[in-house]
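Please read the structure below before turning to the comments.
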Amino acid sequence: MSIIVENDPLDQVDGSASFEFGATKVMSSVTGPIEAARPRNELPTKAYLDINIRPSFGVPSTRETLLEHKLGQLLPAVINLDQYPRQTIQIAVQILKNGEPNDYTARQLVAIINSVFIALINSGISLKSSLMATCCSISTEGEIRTSPTSSELASSVSHFVVVYSIEDQQIDNLLFCDGLGTFKQQQLFDVLDRAASEILLNFQQIRQAIASHVSQNYVWKA
Amino acid sequence: MSQTASLKLNRFPPDVLARIAPDMLLQKYLQIGLRPSLRKFDEFRPVVISCAGVGRYEASEPNGDINGVGSVLGSSIVKSGKTTAICLISGAIVEDDHELVNDYRTKLEKDIIDSDTHKDNKNASVYTEVEISRGASGPPNEEEIAVSHRLYETIYHSGLIERDALRIRLGYKGSEELEQEFVPHTNYSFVLYATIQVFSRAGPVYDLCYGALISALRQTRLPAVYIAEKRTEAGVRRVRVEEYDLVCEAEKNEPLKLNENKIAWSSTFGLVELDRDVPHDEDKMEIDTDGKILLAELEGEAEENIDTRITVSSNGSTLSGLSVYGAAGVTKEELRKAFDLANRRAQYVLNSREMEM
């Protein structure tokens, strides 16, 4: 999969990034830690995550709410929320290109997770580990495809979004896995293995993008 | 003169401790090999599935709709522990624009070529609305929306309902076939809606909602639809206006066709690590595991805080919807254990007498 990462395209937020792979493109921004907007969101022991996802066309629907919910399940596992008590971290995501049929969200979720991760790094918020997402599909013949295209997704029997944490450039833990369609237990394990090697391969590209961005930011220091 | 200050130990009943220190209470129970609900780690709650019997075609049931004019096409009640979920399926008729889009007469040549490369999904789903009663009214919260949409997605991608099963085959009143020249150009389909209400929830509600939806879909009967005859008169000189009155039969109906092998049951598991730092009594220590403990069907305040979870639907051997997340990370061994339990649970529930109804 060829990845195009743009670091800090927005200058009015603390961190932002756009992530493009294949026909899918997403832009994310992170603002925070900031003061809680509502007293209700002021959690005594940890930061409140305010996640907003906007679709590529039309108004947000239940589909986007489910994506926000999934992101809300994943992010507490990687952000050190207890370092920012009573504060809010705002995450705004704009999907620019779907790149998949309307009833699917796999490719978009992958792009959302990866762009939010890079935006979080750019914003300087404390993270527990690196992470990366990828998607796989199983075709009617039982063949596993990583980063399936729109038509491959539409003709697949099941598809998965897999997120692994990365430590010391090695795959660490399975943080998130979302599967739809029908599949066997063994097929899922094969998918997890394929996803892990795919992530290991592609994470280098993200690492490079982040490294060059950091060296650019600190060019005055040299 | 000396004064001794004595610290009095605070003692809390379990339900109070569950609120102020849920993780502590959970650890205390886990140490003696039990859970706050007094179930074993891999023990599920018994589930009772019954037919609500309020549907349009269930006039023989005590609560049935004797006039046959209601819009409820299928219903179910699922009880598990204290929690009850009631599911009502209703329907509506839409013009099948899907068909129109694929009609080659409305397409340019380029579109025809494009459409060959694009395969349409033959699956359909049911639009679900979940309401978890919590003593206050208001718009649905994020959890309710997420559960509703997840149900929609899971049913859609599992292939339980085919688009064909919802297609309306128009006829005259009675058993007569519609003559070819009166067949309208547009096709019509049913869309299904489900309203699920959950009462006195204790723990994650997705499994129960999924169960209620599946049971209600199995009960669902679609009405026979015919064209009101006055509208089919075609004038000789008049311009023919395509306007139909579609009438749903009050008695004639047929069950909704489901892909039986796709009927599944969903199970949720929590993964929790035994905390050795929590003070414990060595003599009472029942378990000596170092790994994480898999808890089936979370229940109650103490277990609500477990943030590593596995949710999976199974038809007994094949898995369908899967959701895994958690800070602690999930290993394959833990997944395997969860899948085995989910398979066994699905076999048991789906083969039970109640599911047959």
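Every chain in the structure tokens has a letter given in the order shown (A, B, ...), and although residue numbers restart at 1 in each chain, ligands are simply numbered from 1 in the order shown.
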For the interface of chain B with chain A (cut-off 6 Å, counting only C-alpha atoms), please tabulate each contacting residue of chain B alongside its nearest pair of atoms and their separation in Å to one decimal, rows sorted by chain and increasing number, as JSON lines.
```
{"residue": "B:Ala146", "atom": "CA", "partner": "A:Leu66", "partner_atom": "CA", "distance": 4.7}
{"residue": "B:His157", "atom": "CA", "partner": "A:Gly181", "partner_atom": "CA", "distance": 4.6}
{"residue": "B:Ser158", "atom": "CA", "partner": "A:Gly181", "partner_atom": "CA", "distance": 4.4}
{"residue": "B:Thr318", "atom": "CA", "partner": "A:Lys184", "partner_atom": "CA", "distance": 5.2}
{"residue": "B:Leu319", "atom": "CA", "partner": "A:Phe183", "partner_atom": "CA", "distance": 5.4}
{"residue": "B:Ser320", "atom": "CA", "partner": "A:Thr182", "partner_atom": "CA", "distance": 4.2}
{"residue": "B:Gly321", "atom": "CA", "partner": "A:Leu180", "partner_atom": "CA", "distance": 4.8}
{"residue": "B:Leu322", "atom": "CA", "partner": "A:Gly179", "partner_atom": "CA", "distance": 4.6}
{"residue": "B:Ser323", "atom": "CA", "partner": "A:Asp178", "partner_atom": "CA", "distance": 4.6}
{"residue": "B:Val324", "atom": "CA", "partner": "A:Cys177", "partner_atom": "CA", "distance": 4.8}
{"residue": "B:Tyr325", "atom": "CA", "partner": "A:Phe176", "partner_atom": "CA", "distance": 4.3}
{"residue": "B:Gly326", "atom": "CA", "partner": "A:Leu175", "partner_atom": "CA", "distance": 5.6}
{"residue": "B:Ala327", "atom": "CA", "partner": "A:Ala77", "partner_atom": "CA", "distance": 4.1}
{"residue": "B:Gly329", "atom": "CA", "partner": "A:Asn173", "partner_atom": "CA", "distance": 4.8}
{"residue": "B:Val330", "atom": "CA", "partner": "A:Leu174", "partner_atom": "CA", "distance": 5.5}
```
Skipping near chain neighbours, those fewer than 3 positions away, what residues fall within 7 Å of Arg167 in chain B using only C-alpha atoms, listed as an NGL selection string?
:B and (163-164 or 188-190)
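Taking CA of Gly171 in chain B and CA of Val94 in chain B as the two end points, the separation is 16.6 Å.
CA of Pro279 in chain B is positioned 17.6 Å from CA of Lys8 in chain B.
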For Cys51 in chain B: contacts at 12 Å, only C-alpha atoms, fewer than 2 positions along chain excluded, given as a ChimeraX atom specification:
/B:48-49,53-55,58,61-64,74-79,85-88,212-220,354-357
Ile118 in chain A surroundings by only C-alpha atoms, 9 Å radius, close-in-sequence under 5 positions cut, as a PyMOL selection string:
chain A and resi 5+7+15-19+28+113+123+206+210
Could you take the residues named above and write them with C-alpha atoms, as a JSON list (two decimals), in the first residue's frame?
```
[["chain", "number", "residue", "atom", "x", "y", "z"],
["A", 5, "VAL", "CA", 1.23, 11.50, 4.86],
["A", 7, "ASN", "CA", 2.19, 16.66, 8.58],
["A", 15, "GLY", "CA", -1.51, 19.00, 15.72],
["A", 16, "SER", "CA", -2.90, 17.78, 12.43],
["A", 17, "ALA", "CA", -2.19, 15.27, 9.72],
["A", 18, "SER", "CA", -3.69, 13.91, 6.57],
["A", 19, "PHE", "CA", -3.38, 10.28, 5.64],
["A", 28, "SER", "CA", -7.47, 14.92, 11.33],
["A", 113, "ILE", "CA", -6.90, 5.87, 13.08],
["A", 123, "SER", "CA", 0.26, 17.88, 18.95],
["A", 206, "ILE", "CA", 4.99, 6.70, 8.82],
["A", 210, "ILE", "CA", 7.32, 11.84, 11.36]]
```
Got a sec: who's within 9 Å of Thr149 in chain A, counting only C-alpha atoms, leaving out chain neighbours fewer than 3 positions off, as JSON, numbers by chain?
{"A": [22, 23, 99, 100, 107, 152, 153, 154]}
Could you pull out the residues in chain A that DSSP calls strand (DSSP E or B) from the backbone, as a VMD selection string?
chain A and resid 3 to 7 15 to 21 24 to 35 48 to 54 79 87 to 97 127 130 to 139 144 to 146 156 to 167 170 to 181 183
One residue among A:Ile121, A:Ile166, A:Val26, A:Thr31 is nearest to His213 in chain A when using only C-alpha atoms, and that residue is A:Ile121
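Among B:Glu153, B:Ser71, B:Ile161, B:Tyr57, the residue with the shortest atom-to-atom distance to Asn102 in chain A, counting only C-alpha atoms, is B:Glu153.
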Shell of 12 Å around Arg134 in chain B, only C-alpha atoms, local chain residues under 4 positions omitted, as a ChimeraX atom specification
/B:138,140-141,144,197-202
Could you please take those selected residues and save C-alpha atoms as a compact mmCIF listing (two decimals), in the first residue's frame?
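Contents of the output file result-v2.txt:
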```
# COMPACT_ATOMS: atom_id res chain seq x y z
CA GLY B 138 -34.16 12.69 25.58
CA PRO B 140 -30.53 8.76 21.98
CA ASN B 141 -27.05 8.82 23.48
CA GLU B 144 -27.65 3.65 21.82
CA GLN B 197 -36.35 -1.39 24.11
CA VAL B 198 -34.07 -2.49 26.91
CA PHE B 199 -35.26 -2.39 30.49
CA SER B 200 -33.17 -2.55 33.68
CA ARG B 201 -29.87 -2.99 31.95
CA ALA B 202 -26.93 -4.45 33.84
```
